[in-house]
$ cat coords36.csv   # CSV, C-alpha atoms
chain,number,residue,atom,x,y,z
A,1,MET,CA,-21.2,-43.4,-55.1
A,2,ARG,CA,-21.6,-40.3,-57.2
A,3,CYS,CA,-19.0,-38.0,-58.9
A,4,VAL,CA,-19.9,-34.6,-60.5
A,5,ILE,CA,-17.6,-32.8,-62.9
A,6,LEU,CA,-18.1,-29.1,-62.7
A,7,ASP,CA,-17.7,-26.4,-65.3
A,8,ASP,CA,-17.6,-28.8,-68.3
A,9,TYR,CA,-18.8,-26.0,-70.6
A,10,GLN,CA,-18.1,-28.0,-73.8
A,11,ASP,CA,-19.5,-31.2,-72.4
A,12,VAL,CA,-16.3,-33.1,-73.3
A,13,ALA,CA,-14.8,-34.1,-70.0
A,14,ARG,CA,-16.1,-37.7,-70.2
A,15,THR,CA,-14.5,-38.1,-73.7
A,16,TYR,CA,-11.0,-37.3,-72.4
A,17,ALA,CA,-10.6,-40.0,-69.8
A,18,ALA,CA,-11.6,-43.6,-69.0
A,19,TRP,CA,-14.3,-42.8,-66.5
A,20,ASP,CA,-15.9,-46.1,-67.1
A,21,SER,CA,-12.9,-47.8,-65.5
A,22,LEU,CA,-14.2,-46.5,-62.1
A,23,ASP,CA,-16.6,-49.4,-61.4
A,24,GLY,CA,-19.7,-48.5,-59.5
A,25,LEU,CA,-19.2,-44.8,-59.8
A,26,GLU,CA,-21.9,-42.7,-61.3
A,27,VAL,CA,-20.3,-39.8,-63.2
A,28,THR,CA,-22.2,-36.7,-64.4
A,29,SER,CA,-21.1,-33.4,-65.8
A,30,VAL,CA,-22.4,-29.9,-65.2
A,31,THR,CA,-22.1,-27.8,-68.3
A,32,GLU,CA,-23.1,-24.5,-66.8
A,33,HIS,CA,-21.4,-22.4,-64.2
A,34,LEU,CA,-23.2,-22.6,-60.9
A,35,GLY,CA,-23.6,-20.0,-58.2
A,36,PRO,CA,-23.2,-20.9,-54.5
A,37,ASP,CA,-26.8,-22.0,-53.8
A,38,ALA,CA,-27.2,-23.9,-57.1
A,39,LEU,CA,-23.8,-25.5,-56.5
A,40,VAL,CA,-24.9,-26.8,-53.1
A,41,GLU,CA,-28.1,-28.1,-54.6
A,42,ALA,CA,-26.4,-29.9,-57.5
A,43,LEU,CA,-23.9,-31.5,-55.1
A,44,ASP,CA,-26.4,-32.7,-52.6
A,45,GLY,CA,-25.4,-36.2,-51.5
A,46,VAL,CA,-22.3,-36.2,-53.8
A,47,GLU,CA,-19.1,-37.8,-52.5
A,48,ILE,CA,-16.6,-36.8,-55.2
A,49,VAL,CA,-16.3,-33.5,-57.1
A,50,VAL,CA,-14.0,-32.6,-60.0
A,51,ALA,CA,-13.4,-28.9,-60.2
A,52,MET,CA,-12.0,-27.1,-63.3
A,53,ARG,CA,-9.2,-24.8,-62.2
A,54,GLU,CA,-10.5,-21.9,-60.1
A,55,ARG,CA,-13.8,-21.6,-61.9
A,56,THR,CA,-16.0,-22.6,-58.9
A,57,PRO,CA,-14.7,-21.5,-55.5
A,58,PHE,CA,-14.9,-23.8,-52.5
A,59,PRO,CA,-14.6,-21.6,-49.4
A,60,ALA,CA,-15.4,-22.9,-46.0
A,61,ALA,CA,-19.0,-21.6,-46.2
A,62,ILE,CA,-19.6,-23.9,-49.2
A,63,LEU,CA,-17.6,-26.9,-47.9
A,64,GLU,CA,-19.6,-26.8,-44.7
A,65,ARG,CA,-22.8,-27.2,-46.7
A,66,LEU,CA,-21.6,-30.4,-48.4
A,67,PRO,CA,-21.6,-33.0,-45.6
A,68,ASN,CA,-21.3,-35.9,-48.0
A,69,LEU,CA,-18.3,-34.6,-49.9
A,70,ARG,CA,-15.2,-36.7,-49.3
A,71,LEU,CA,-12.9,-36.1,-52.4
A,72,LEU,CA,-12.4,-32.8,-54.2
A,73,VAL,CA,-10.2,-33.1,-57.3
A,74,THR,CA,-9.0,-29.9,-58.9
A,75,THR,CA,-7.4,-29.8,-62.3
A,76,GLY,CA,-3.8,-28.7,-62.0
A,77,MET,CA,-1.7,-28.6,-58.8
A,78,ARG,CA,-2.7,-25.2,-57.5
A,79,ASN,CA,-6.1,-23.8,-56.7
A,80,ALA,CA,-6.4,-20.7,-54.6
A,81,SER,CA,-10.2,-20.8,-54.6
A,82,ILE,CA,-10.3,-24.0,-52.4
A,83,ASP,CA,-10.0,-23.4,-48.6
A,84,LEU,CA,-7.6,-26.2,-47.8
A,85,VAL,CA,-7.7,-25.6,-44.1
A,86,ALA,CA,-11.5,-26.0,-44.0
A,87,ALA,CA,-11.3,-29.1,-46.3
A,88,GLU,CA,-8.9,-30.8,-43.9
A,89,ARG,CA,-11.0,-29.8,-40.9
A,90,LEU,CA,-14.1,-31.3,-42.6
A,91,GLY,CA,-12.4,-34.5,-43.7
A,92,VAL,CA,-12.4,-33.7,-47.4
A,93,THR,CA,-9.3,-35.0,-49.3
A,94,VAL,CA,-8.2,-32.5,-52.0
A,95,CYS,CA,-6.0,-33.7,-54.9
A,96,GLY,CA,-4.6,-32.1,-58.0
A,97,THR,CA,-3.8,-33.4,-61.5
A,98,PRO,CA,-1.0,-33.1,-64.0
A,99,SER,CA,-1.1,-30.1,-66.3
A,100,SER,CA,1.1,-28.8,-69.1
A,101,PRO,CA,2.8,-25.3,-69.3
A,102,HIS,CA,2.7,-25.4,-73.1
A,103,PRO,CA,-0.9,-24.4,-73.9
A,104,PRO,CA,-0.7,-21.0,-72.2
A,105,VAL,CA,2.7,-20.4,-73.8
A,106,GLU,CA,1.1,-21.0,-77.2
A,107,LEU,CA,-1.9,-18.8,-76.5
A,108,THR,CA,0.5,-16.0,-75.3
A,109,TRP,CA,2.1,-16.0,-78.7
A,110,ALA,CA,-1.3,-16.2,-80.5
A,111,LEU,CA,-2.3,-13.0,-78.7
A,112,ILE,CA,1.1,-11.3,-79.5
A,113,HIS,CA,0.7,-12.1,-83.2
A,114,ALA,CA,-2.9,-11.0,-83.2
A,115,LEU,CA,-1.9,-7.7,-81.7
A,116,THR,CA,1.2,-6.9,-83.6
A,117,ARG,CA,-0.2,-8.0,-87.0
A,118,HIS,CA,-3.7,-6.7,-86.4
A,119,ILE,CA,-5.1,-10.2,-87.2
A,120,VAL,CA,-8.7,-9.6,-86.1
A,121,THR,CA,-9.0,-6.4,-88.1
A,122,GLU,CA,-7.4,-7.9,-91.2
A,123,ALA,CA,-9.3,-11.2,-91.0
A,124,SER,CA,-12.7,-9.4,-90.8
A,125,GLY,CA,-12.2,-7.9,-94.3
A,126,VAL,CA,-9.8,-10.1,-96.3
A,127,ALA,CA,-9.3,-7.3,-98.7
A,128,TRP,CA,-6.1,-5.4,-99.4
A,129,GLN,CA,-4.3,-4.7,-96.1
A,130,ARG,CA,-5.6,-1.9,-94.1
A,131,THR,CA,-3.0,-1.8,-91.3
A,132,VAL,CA,0.8,-1.9,-91.0
A,133,GLY,CA,2.0,-4.6,-88.6
A,134,SER,CA,4.8,-4.3,-86.0
A,135,ASP,CA,8.0,-6.4,-86.3
A,136,LEU,CA,9.1,-8.8,-83.5
A,137,ASN,CA,12.6,-9.3,-84.8
A,138,GLY,CA,14.9,-6.8,-83.0
A,139,ARG,CA,12.3,-5.7,-80.5
A,140,THR,CA,12.3,-6.2,-76.8
A,141,LEU,CA,10.1,-8.8,-75.1
A,142,GLY,CA,9.7,-8.1,-71.4
A,143,LEU,CA,8.6,-10.9,-69.0
A,144,LEU,CA,7.0,-10.2,-65.7
A,145,GLY,CA,7.9,-13.6,-64.2
A,146,LEU,CA,10.3,-16.2,-65.5
A,147,GLY,CA,9.0,-19.5,-64.2
A,148,LYS,CA,8.0,-22.6,-66.3
A,149,ILE,CA,5.7,-20.6,-68.6
A,150,GLY,CA,7.8,-17.4,-68.8
A,151,THR,CA,10.9,-19.4,-69.6
A,152,ARG,CA,9.1,-21.1,-72.6
A,153,VAL,CA,7.7,-17.7,-73.8
A,154,ALA,CA,11.3,-16.4,-73.7
A,155,ALA,CA,12.6,-19.2,-75.9
A,156,VAL,CA,10.0,-18.4,-78.6
A,157,GLY,CA,10.8,-14.7,-78.4
A,158,GLN,CA,14.5,-15.6,-78.9
A,159,ALA,CA,13.6,-17.7,-81.9
A,160,PHE,CA,12.0,-14.6,-83.4
A,161,GLY,CA,15.2,-12.6,-82.8
A,162,MET,CA,13.9,-10.6,-79.9
A,163,ASP,CA,15.9,-9.3,-77.0
A,164,VAL,CA,14.3,-10.9,-73.9
A,165,ILE,CA,14.4,-9.2,-70.5
A,166,ALA,CA,12.6,-10.1,-67.3
A,167,TRP,CA,11.9,-8.9,-63.8
A,168,SER,CA,10.0,-10.4,-60.8
A,169,PRO,CA,10.3,-9.7,-57.1
A,170,HIS,CA,12.8,-12.6,-56.6
A,171,LEU,CA,14.5,-12.9,-60.0
A,172,THR,CA,18.3,-12.8,-60.0
A,173,PRO,CA,20.7,-12.6,-62.9
A,174,GLU,CA,22.0,-16.0,-62.0
A,175,ARG,CA,18.5,-17.5,-62.4
A,176,ALA,CA,17.8,-15.6,-65.6
A,177,GLU,CA,21.1,-16.4,-67.4
A,178,PRO,CA,20.5,-20.1,-68.2
A,179,ALA,CA,17.4,-19.1,-70.1
A,180,GLY,CA,19.4,-16.5,-72.1
A,181,VAL,CA,17.3,-13.8,-70.5
A,182,ARG,CA,18.6,-10.5,-69.0
A,183,ALA,CA,17.3,-9.8,-65.5
A,184,VAL,CA,16.6,-6.0,-65.3
A,185,ASP,CA,15.1,-3.7,-62.7
A,186,ARG,CA,11.4,-3.1,-62.5
A,187,ALA,CA,11.6,0.4,-64.1
A,188,THR,CA,13.6,-0.9,-67.1
A,189,LEU,CA,11.1,-3.7,-67.7
A,190,PHE,CA,8.2,-1.3,-68.1
A,191,GLU,CA,10.1,1.5,-69.9
A,192,THR,CA,11.9,-0.6,-72.5
A,193,SER,CA,9.5,-3.5,-73.4
A,194,ASP,CA,7.8,-3.5,-76.7
A,195,ILE,CA,5.8,-6.5,-75.6
A,196,LEU,CA,5.2,-7.0,-71.9
A,197,SER,CA,3.9,-10.5,-71.0
A,198,LEU,CA,2.7,-11.4,-67.5
A,199,HIS,CA,3.6,-14.8,-66.0
A,200,LEU,CA,3.3,-14.6,-62.2
A,201,VAL,CA,1.2,-16.5,-59.7
A,202,LEU,CA,-1.5,-14.3,-58.2
A,203,SER,CA,-1.1,-13.8,-54.5
A,204,GLU,CA,-1.6,-10.9,-52.0
A,205,ALA,CA,2.0,-9.9,-52.7
A,206,THR,CA,1.4,-9.7,-56.5
A,207,ARG,CA,-2.1,-8.4,-56.7
A,208,HIS,CA,-2.1,-5.2,-58.8
A,209,ILE,CA,1.7,-5.5,-59.2
A,210,VAL,CA,1.1,-3.7,-62.5
A,211,GLY,CA,-0.3,-0.3,-61.5
A,212,PRO,CA,-1.0,3.1,-63.0
A,213,ALA,CA,2.6,4.3,-62.7
A,214,ASP,CA,3.9,1.2,-64.4
A,215,LEU,CA,1.5,1.5,-67.3
A,216,ALA,CA,2.2,5.2,-67.6
A,217,SER,CA,5.9,4.4,-68.0
A,218,MET,CA,5.5,2.1,-70.9
A,219,LYS,CA,6.1,3.1,-74.5
A,220,PRO,CA,3.1,4.3,-76.5
A,221,THR,CA,3.9,1.6,-79.0
A,222,ALA,CA,4.0,-1.2,-76.4
A,223,TYR,CA,1.6,-4.0,-76.0
A,224,LEU,CA,0.6,-5.8,-72.7
A,225,VAL,CA,-0.3,-9.5,-72.8
A,226,ASN,CA,-1.9,-11.3,-69.8
A,227,THR,CA,-2.6,-15.0,-69.9
A,228,SER,CA,-1.9,-15.4,-66.2
A,229,ARG,CA,-4.4,-13.8,-63.8
A,230,ALA,CA,-6.4,-10.6,-64.2
A,231,GLY,CA,-5.6,-9.6,-60.6
A,232,LEU,CA,-2.0,-8.9,-61.5
A,233,VAL,CA,-3.1,-5.7,-63.2
A,234,ASP,CA,-5.1,-2.7,-62.0
A,235,THR,CA,-7.8,-3.1,-64.6
A,236,GLU,CA,-9.2,0.4,-64.1
A,237,ALA,CA,-5.8,1.8,-64.9
A,238,LEU,CA,-5.3,-0.5,-67.8
A,239,VAL,CA,-8.6,0.5,-69.3
A,240,ALA,CA,-7.7,4.2,-68.9
A,241,HIS,CA,-4.4,3.8,-70.7
A,242,LEU,CA,-5.9,1.7,-73.5
A,243,GLY,CA,-8.6,4.3,-74.0
A,244,SER,CA,-6.2,7.2,-74.1
A,245,GLY,CA,-3.8,5.4,-76.4
A,246,THR,CA,-0.9,5.8,-74.0
A,247,ILE,CA,-0.1,2.1,-74.7
A,248,ALA,CA,-0.8,0.5,-78.1
A,249,GLY,CA,-3.0,-2.3,-77.0
A,250,ALA,CA,-3.5,-5.4,-74.9
A,251,GLY,CA,-4.0,-9.1,-75.4
A,252,LEU,CA,-6.1,-10.5,-72.6
A,253,ASP,CA,-7.3,-14.0,-71.7
A,254,VAL,CA,-8.2,-13.4,-68.0
A,255,TYR,CA,-10.6,-11.0,-66.4
A,256,ASP,CA,-11.7,-9.8,-62.9
A,257,VAL,CA,-15.1,-11.2,-63.7
A,258,GLU,CA,-15.4,-14.3,-65.9
A,259,PRO,CA,-17.1,-14.7,-68.3
A,260,LEU,CA,-16.5,-11.1,-69.2
A,261,PRO,CA,-19.8,-9.2,-68.9
A,262,ALA,CA,-21.4,-8.2,-72.2
A,263,ASP,CA,-21.2,-4.5,-71.4
A,264,ASP,CA,-17.6,-4.6,-70.2
A,265,VAL,CA,-15.5,-1.9,-71.8
A,266,LEU,CA,-12.8,-4.4,-72.6
A,267,ARG,CA,-15.1,-6.1,-75.1
A,268,HIS,CA,-15.4,-2.9,-77.1
A,269,LEU,CA,-11.9,-1.2,-77.1
A,270,PRO,CA,-10.5,-1.5,-80.6
A,271,ASN,CA,-7.0,-2.0,-79.3
A,272,VAL,CA,-7.8,-5.1,-77.2
A,273,VAL,CA,-7.7,-8.7,-78.4
A,274,ALA,CA,-9.8,-10.6,-75.8
A,275,THR,CA,-10.2,-14.4,-75.5
A,276,PRO,CA,-12.4,-16.3,-73.0
A,277,HIS,CA,-9.7,-17.8,-70.7
A,278,LEU,CA,-8.5,-20.3,-73.3
A,279,GLY,CA,-4.9,-20.6,-71.8
A,280,TYR,CA,-5.4,-24.2,-70.6
A,281,VAL,CA,-8.0,-25.4,-73.0
A,282,THR,CA,-6.4,-27.9,-75.4
A,283,GLU,CA,-6.9,-31.6,-76.1
A,284,ASP,CA,-3.7,-32.7,-74.6
A,285,ASN,CA,-4.2,-30.7,-71.4
A,286,TYR,CA,-7.7,-32.0,-71.0
A,287,ARG,CA,-6.4,-35.5,-71.3
A,288,ARG,CA,-3.9,-34.6,-68.5
A,289,PHE,CA,-6.6,-33.0,-66.4
A,290,TYR,CA,-9.3,-35.6,-66.7
A,291,GLY,CA,-7.0,-38.6,-67.0
A,292,GLY,CA,-5.3,-37.4,-63.8
A,293,ALA,CA,-8.7,-37.0,-62.1
A,294,VAL,CA,-9.7,-40.6,-62.9
A,295,GLU,CA,-6.4,-41.8,-61.5
A,296,ASP,CA,-6.8,-39.6,-58.4
A,297,ILE,CA,-10.3,-41.1,-57.8
A,298,ALA,CA,-9.2,-44.7,-58.5
A,299,VAL,CA,-6.4,-44.6,-55.9
A,300,TRP,CA,-8.5,-42.7,-53.4
A,301,LEU,CA,-11.1,-45.4,-53.6
A,302,VAL,CA,-8.6,-48.0,-52.4
A,303,GLY,CA,-7.3,-45.7,-49.6
A,304,ASP,CA,-4.1,-44.5,-51.2
A,305,PRO,CA,-4.6,-40.8,-52.4
A,306,ILE,CA,-2.0,-39.2,-54.5
A,307,ARG,CA,-1.2,-35.6,-55.5
A,308,ARG,CA,-2.8,-34.4,-52.3
A,309,LEU,CA,-3.0,-30.6,-51.7
A,310,ALA,CA,-2.6,-29.7,-48.1
A,311,PRO,CA,-2.7,-26.4,-46.3
A,312,LYS,CA,0.6,-24.6,-45.9
A,313,SER,CA,2.1,-25.0,-42.4
A,314,ASP,CA,2.9,-21.8,-40.5

$ encode --input "coords36.csv" --output "structure tokens"
Amino acid sequence: MRCVILDDYQDVARTYAAWDSLDGLEVTSVTEHLGPDALVEALDGVEIVVAMRERTPFPAAILERLPNLRLLVTTGMRNASIDLVAAERLGVTVCGTPSSPHPPVELTWALIHALTRHIVTEASGVAWQRTVGSDLNGRTLGLLGLGKIGTRVAAVGQAFGMDVIAWSPHLTPERAEPAGVRAVDRATLFETSDILSLHLVLSEATRHIVGPADLASMKPTAYLVNTSRAGLVDTEALVAHLGSGTIAGAGLDVYDVEPLPADDVLRHLPNVVATPHLGYVTEDNYRRFYGGAVEDIAVWLVGDPIRRLAPKSD
């Protein structure tokens, strides 16, 4: 029986879990991203696939071309790029793995510091300072979303002496209060935040939830940070506001097209700090991902699958 690990760009997946504990299983990694036809060719005859987050989509059209596929493991417990209805129809079991909220929280703050203290500019010269950084203490941190990640980002902001506010479509003061966060209305979030950090799940309801009018209402000294999903923001509008200087800058880890094309304007705007979707990429998280994948496979092989992802019932 064969198992293929997809999108293992650093070629490290097999070092973060005990794959050799899966007796009789041939495990290989793919270190390049594959398009649809190349994917189908690479998975010809393969029974088990481990997918990295939402890097490689598995719509019905792809699943139908993989007649031997029986188990699809995705890292994490949510993957919008897998057609769970089609997988169930085709007899493919889909399972998730443990993951940690801490890595994206830490990267969020790395981007905030890089923006406010002009780390990229200053590190490139290592001469006497050329810029004047912005303080965090006493400033307002605005959170679009106050779930597991947003709550942790809030705690760090509070440690820096920031006033932390939040809004999301279903956030109430009662839910925000235990985190020491003030729930505000949408307009207040955009108008008063010095740092606006996005922490929502992307869905049809939240796609482009940050639009041109929202960006136009932000302070010219404000920064936007997105380590969640690019689709939450109208990218065209964001580029326009960054280019005109109507907001101070952005820290981005997610993009509409990944990897970000070489000629994309976001690579070249001086007020953008861009990282290549590093939010989840840490040693401990890889151990959770791949260790969980090995566990998923082991119990599936004996007929007792865990952490199954099933289509939502109507």

$ residues_around --input "coords36.csv" --residues "A:Val181" --least-positions-apart "4" --cutoff "12 Å" --atoms "all atoms listed in the file" --output "MDAnalysis selection string"
chainID A and resid 140:147 150:158 162:167 171:177

$ residues_around --input "coords36.csv" --residues "A:Tyr9" --least-positions-apart "4" --cutoff "10 Å" --atoms "all atoms listed in the file" --output "JSON, numbers by chain"
{"A": [13, 29, 30, 31, 32, 33]}

$ write_last_selection --input "coords36.csv" --atoms "C-alpha atoms" --output "PDB file, in the frame of the given file"
ATOM      1  CA  ALA A  13     -14.800 -34.100 -70.000  1.00  0.00           C
ATOM      2  CA  SER A  29     -21.100 -33.400 -65.800  1.00  0.00           C
ATOM      3  CA  VAL A  30     -22.400 -29.900 -65.200  1.00  0.00           C
ATOM      4  CA  THR A  31     -22.100 -27.800 -68.300  1.00  0.00           C
ATOM      5  CA  GLU A  32     -23.100 -24.500 -66.800  1.00  0.00           C
ATOM      6  CA  HIS A  33     -21.400 -22.400 -64.200  1.00  0.00           C
TER       7      HIS A  33
END

$ closest_residue --input "coords36.csv" --among "A:Phe58, A:Val233, A:Glu106, A:Leu71" --to "A:Val85" --atoms "all atoms listed in the file"
A:Phe58

$ closest_residue --input "coords36.csv" --among "A:Ala222, A:Ala230, A:Val120, A:Val281" --to "A:Thr206" --atoms "all atoms listed in the file"
A:Ala230

$ closest_residue --input "coords36.csv" --among "A:Val210, A:Ala87, A:Val254, A:Leu266" --to "A:Thr108" --atoms "only C-alpha atoms"
A:Val254

$ residues_around --input "coords36.csv" --residues "A:Val132" --least-positions-apart "3" --cutoff "10 Å" --atoms "all atoms listed in the file" --output "list in words"
Thr116, Arg117, His118, Gln129 and Asp135 of chain A

$ write_last_selection --input "coords36.csv" --atoms "C-alpha atoms" --output "PDB file, keeping the file's coordinate frame"
ATOM      1  CA  THR A 116       1.200  -6.900 -83.600  1.00  0.00           C
ATOM      2  CA  ARG A 117      -0.200  -8.000 -87.000  1.00  0.00           C
ATOM      3  CA  HIS A 118      -3.700  -6.700 -86.400  1.00  0.00           C
ATOM      4  CA  GLN A 129      -4.300  -4.700 -96.100  1.00  0.00           C
ATOM      5  CA  ASP A 135       8.000  -6.400 -86.300  1.00  0.00           C
TER       6      ASP A 135
END

$ residues_around --input "coords36.csv" --residues "stretch 234-242 of chain A" --least-positions-apart "3" --cutoff "7 Å" --atoms "all atoms listed in the file" --output "VMD selection string"
chain A and resid 208 210 to 212 245 to 249 271

$ residues_around --input "coords36.csv" --residues "A:Leu115" --least-positions-apart "5" --cutoff "10 Å" --atoms "all atoms listed in the file" --output "VMD selection string"
chain A and resid 109 to 110 120 to 121 133 to 134 195 223 to 225 248 to 251 271 to 273

$ residues_near_point --input "coords36.csv" --point "(8.5, 5.1, -67.7)" --cutoff "9 Å" --atoms "all atoms listed in the file" --output "PDB file with C-alpha atoms, keeping the file's coordinate frame"
ATOM      1  CA  ALA A 187      11.600   0.400 -64.100  1.00  0.00           C
ATOM      2  CA  THR A 188      13.600  -0.900 -67.100  1.00  0.00           C
ATOM      3  CA  PHE A 190       8.200  -1.300 -68.100  1.00  0.00           C
ATOM      4  CA  GLU A 191      10.100   1.500 -69.900  1.00  0.00           C
ATOM      5  CA  THR A 192      11.900  -0.600 -72.500  1.00  0.00           C
ATOM      6  CA  ALA A 213       2.600   4.300 -62.700  1.00  0.00           C
ATOM      7  CA  ASP A 214       3.900   1.200 -64.400  1.00  0.00           C
ATOM      8  CA  LEU A 215       1.500   1.500 -67.300  1.00  0.00           C
ATOM      9  CA  ALA A 216       2.200   5.200 -67.600  1.00  0.00           C
ATOM     10  CA  SER A 217       5.900   4.400 -68.000  1.00  0.00           C
ATOM     11  CA  MET A 218       5.500   2.100 -70.900  1.00  0.00           C
ATOM     12  CA  LYS A 219       6.100   3.100 -74.500  1.00  0.00           C
TER      13      LYS A 219
END

$ atom_distance --input "coords36.csv" --atom1 "atom CA of A:Arg307" --atom2 "atom CA of A:Cys95"
5.2 Å

$ atom_distance --input "coords36.csv" --atom1 "atom CA of A:Thr227" --atom2 "atom CA of A:Asp253"
5.1 Å

$ closest_residue --input "coords36.csv" --among "A:Ala17, A:Leu34, A:Ala61, A:Leu278" --to "A:Glu295" --atoms "only C-alpha atoms"
A:Ala17

$ closest_residue --input "coords36.csv" --among "A:Tyr286, A:Tyr280, A:Trp19, A:Trp128" --to "A:Pro104" --atoms "all atoms listed in the file"
A:Tyr280

$ build_atoms --input "coords36.csv" --residues "stretch 31-38 of chain A" --atoms "all heavy atoms" --output "PDB file, keeping the file's coordinate frame"
ATOM      1  N   THR A  31     -22.607 -28.574 -67.222  1.00  0.00           N
ATOM      2  CA  THR A  31     -22.100 -27.800 -68.300  1.00  0.00           C
ATOM      3  C   THR A  31     -22.288 -26.295 -68.179  1.00  0.00           C
ATOM      4  O   THR A  31     -21.834 -25.522 -69.018  1.00  0.00           O
ATOM      5  CB  THR A  31     -22.757 -28.249 -69.657  1.00  0.00           C
ATOM      6  OG1 THR A  31     -24.176 -28.100 -69.533  1.00  0.00           O
ATOM      7  CG2 THR A  31     -22.416 -29.703 -69.951  1.00  0.00           C
ATOM      8  N   GLU A  32     -22.949 -25.883 -67.122  1.00  0.00           N
ATOM      9  CA  GLU A  32     -23.100 -24.500 -66.800  1.00  0.00           C
ATOM     10  C   GLU A  32     -22.418 -24.111 -65.537  1.00  0.00           C
ATOM     11  O   GLU A  32     -22.252 -24.960 -64.655  1.00  0.00           O
ATOM     12  CB  GLU A  32     -24.634 -24.133 -66.683  1.00  0.00           C
ATOM     13  CG  GLU A  32     -25.470 -24.463 -67.913  1.00  0.00           C
ATOM     14  CD  GLU A  32     -25.099 -23.620 -69.111  1.00  0.00           C
ATOM     15  OE1 GLU A  32     -24.671 -22.463 -68.900  1.00  0.00           O
ATOM     16  OE2 GLU A  32     -25.240 -24.105 -70.250  1.00  0.00           O
ATOM     17  N   HIS A  33     -22.008 -22.857 -65.434  1.00  0.00           N
ATOM     18  CA  HIS A  33     -21.400 -22.400 -64.200  1.00  0.00           C
ATOM     19  C   HIS A  33     -22.486 -22.214 -63.136  1.00  0.00           C
ATOM     20  O   HIS A  33     -23.549 -21.636 -63.423  1.00  0.00           O
ATOM     21  CB  HIS A  33     -20.636 -21.109 -64.385  1.00  0.00           C
ATOM     22  CG  HIS A  33     -19.987 -20.604 -63.137  1.00  0.00           C
ATOM     23  ND1 HIS A  33     -18.899 -21.222 -62.571  1.00  0.00           N
ATOM     24  CD2 HIS A  33     -20.301 -19.568 -62.328  1.00  0.00           C
ATOM     25  CE1 HIS A  33     -18.557 -20.576 -61.472  1.00  0.00           C
ATOM     26  NE2 HIS A  33     -19.393 -19.576 -61.299  1.00  0.00           N
ATOM     27  N   LEU A  34     -22.255 -22.691 -61.933  1.00  0.00           N
ATOM     28  CA  LEU A  34     -23.200 -22.600 -60.900  1.00  0.00           C
ATOM     29  C   LEU A  34     -22.836 -21.637 -59.788  1.00  0.00           C
ATOM     30  O   LEU A  34     -21.685 -21.627 -59.341  1.00  0.00           O
ATOM     31  CB  LEU A  34     -23.418 -24.015 -60.227  1.00  0.00           C
ATOM     32  CG  LEU A  34     -23.854 -25.149 -61.151  1.00  0.00           C
ATOM     33  CD1 LEU A  34     -23.901 -26.466 -60.383  1.00  0.00           C
ATOM     34  CD2 LEU A  34     -25.201 -24.848 -61.801  1.00  0.00           C
ATOM     35  N   GLY A  35     -23.791 -20.837 -59.349  1.00  0.00           N
ATOM     36  CA  GLY A  35     -23.600 -20.000 -58.200  1.00  0.00           C
ATOM     37  C   GLY A  35     -23.633 -20.792 -56.923  1.00  0.00           C
ATOM     38  O   GLY A  35     -23.932 -21.997 -56.943  1.00  0.00           O
ATOM     39  N   PRO A  36     -23.360 -20.170 -55.770  1.00  0.00           N
ATOM     40  CA  PRO A  36     -23.200 -20.900 -54.500  1.00  0.00           C
ATOM     41  C   PRO A  36     -24.435 -21.794 -54.167  1.00  0.00           C
ATOM     42  O   PRO A  36     -24.283 -22.972 -53.854  1.00  0.00           O
ATOM     43  CB  PRO A  36     -23.025 -19.806 -53.480  1.00  0.00           C
ATOM     44  CG  PRO A  36     -22.390 -18.697 -54.249  1.00  0.00           C
ATOM     45  CD  PRO A  36     -23.007 -18.748 -55.602  1.00  0.00           C
ATOM     46  N   ASP A  37     -25.648 -21.238 -54.199  1.00  0.00           N
ATOM     47  CA  ASP A  37     -26.800 -22.000 -53.800  1.00  0.00           C
ATOM     48  C   ASP A  37     -27.106 -23.148 -54.796  1.00  0.00           C
ATOM     49  O   ASP A  37     -27.422 -24.279 -54.410  1.00  0.00           O
ATOM     50  CB  ASP A  37     -28.039 -21.130 -53.648  1.00  0.00           C
ATOM     51  CG  ASP A  37     -27.930 -20.210 -52.442  1.00  0.00           C
ATOM     52  OD1 ASP A  37     -27.176 -20.548 -51.503  1.00  0.00           O
ATOM     53  OD2 ASP A  37     -28.585 -19.153 -52.442  1.00  0.00           O
ATOM     54  N   ALA A  38     -26.988 -22.838 -56.090  1.00  0.00           N
ATOM     55  CA  ALA A  38     -27.200 -23.900 -57.100  1.00  0.00           C
ATOM     56  C   ALA A  38     -26.150 -24.950 -57.021  1.00  0.00           C
ATOM     57  O   ALA A  38     -26.434 -26.135 -57.254  1.00  0.00           O
ATOM     58  CB  ALA A  38     -27.197 -23.234 -58.507  1.00  0.00           C
TER      59      ALA A  38
END
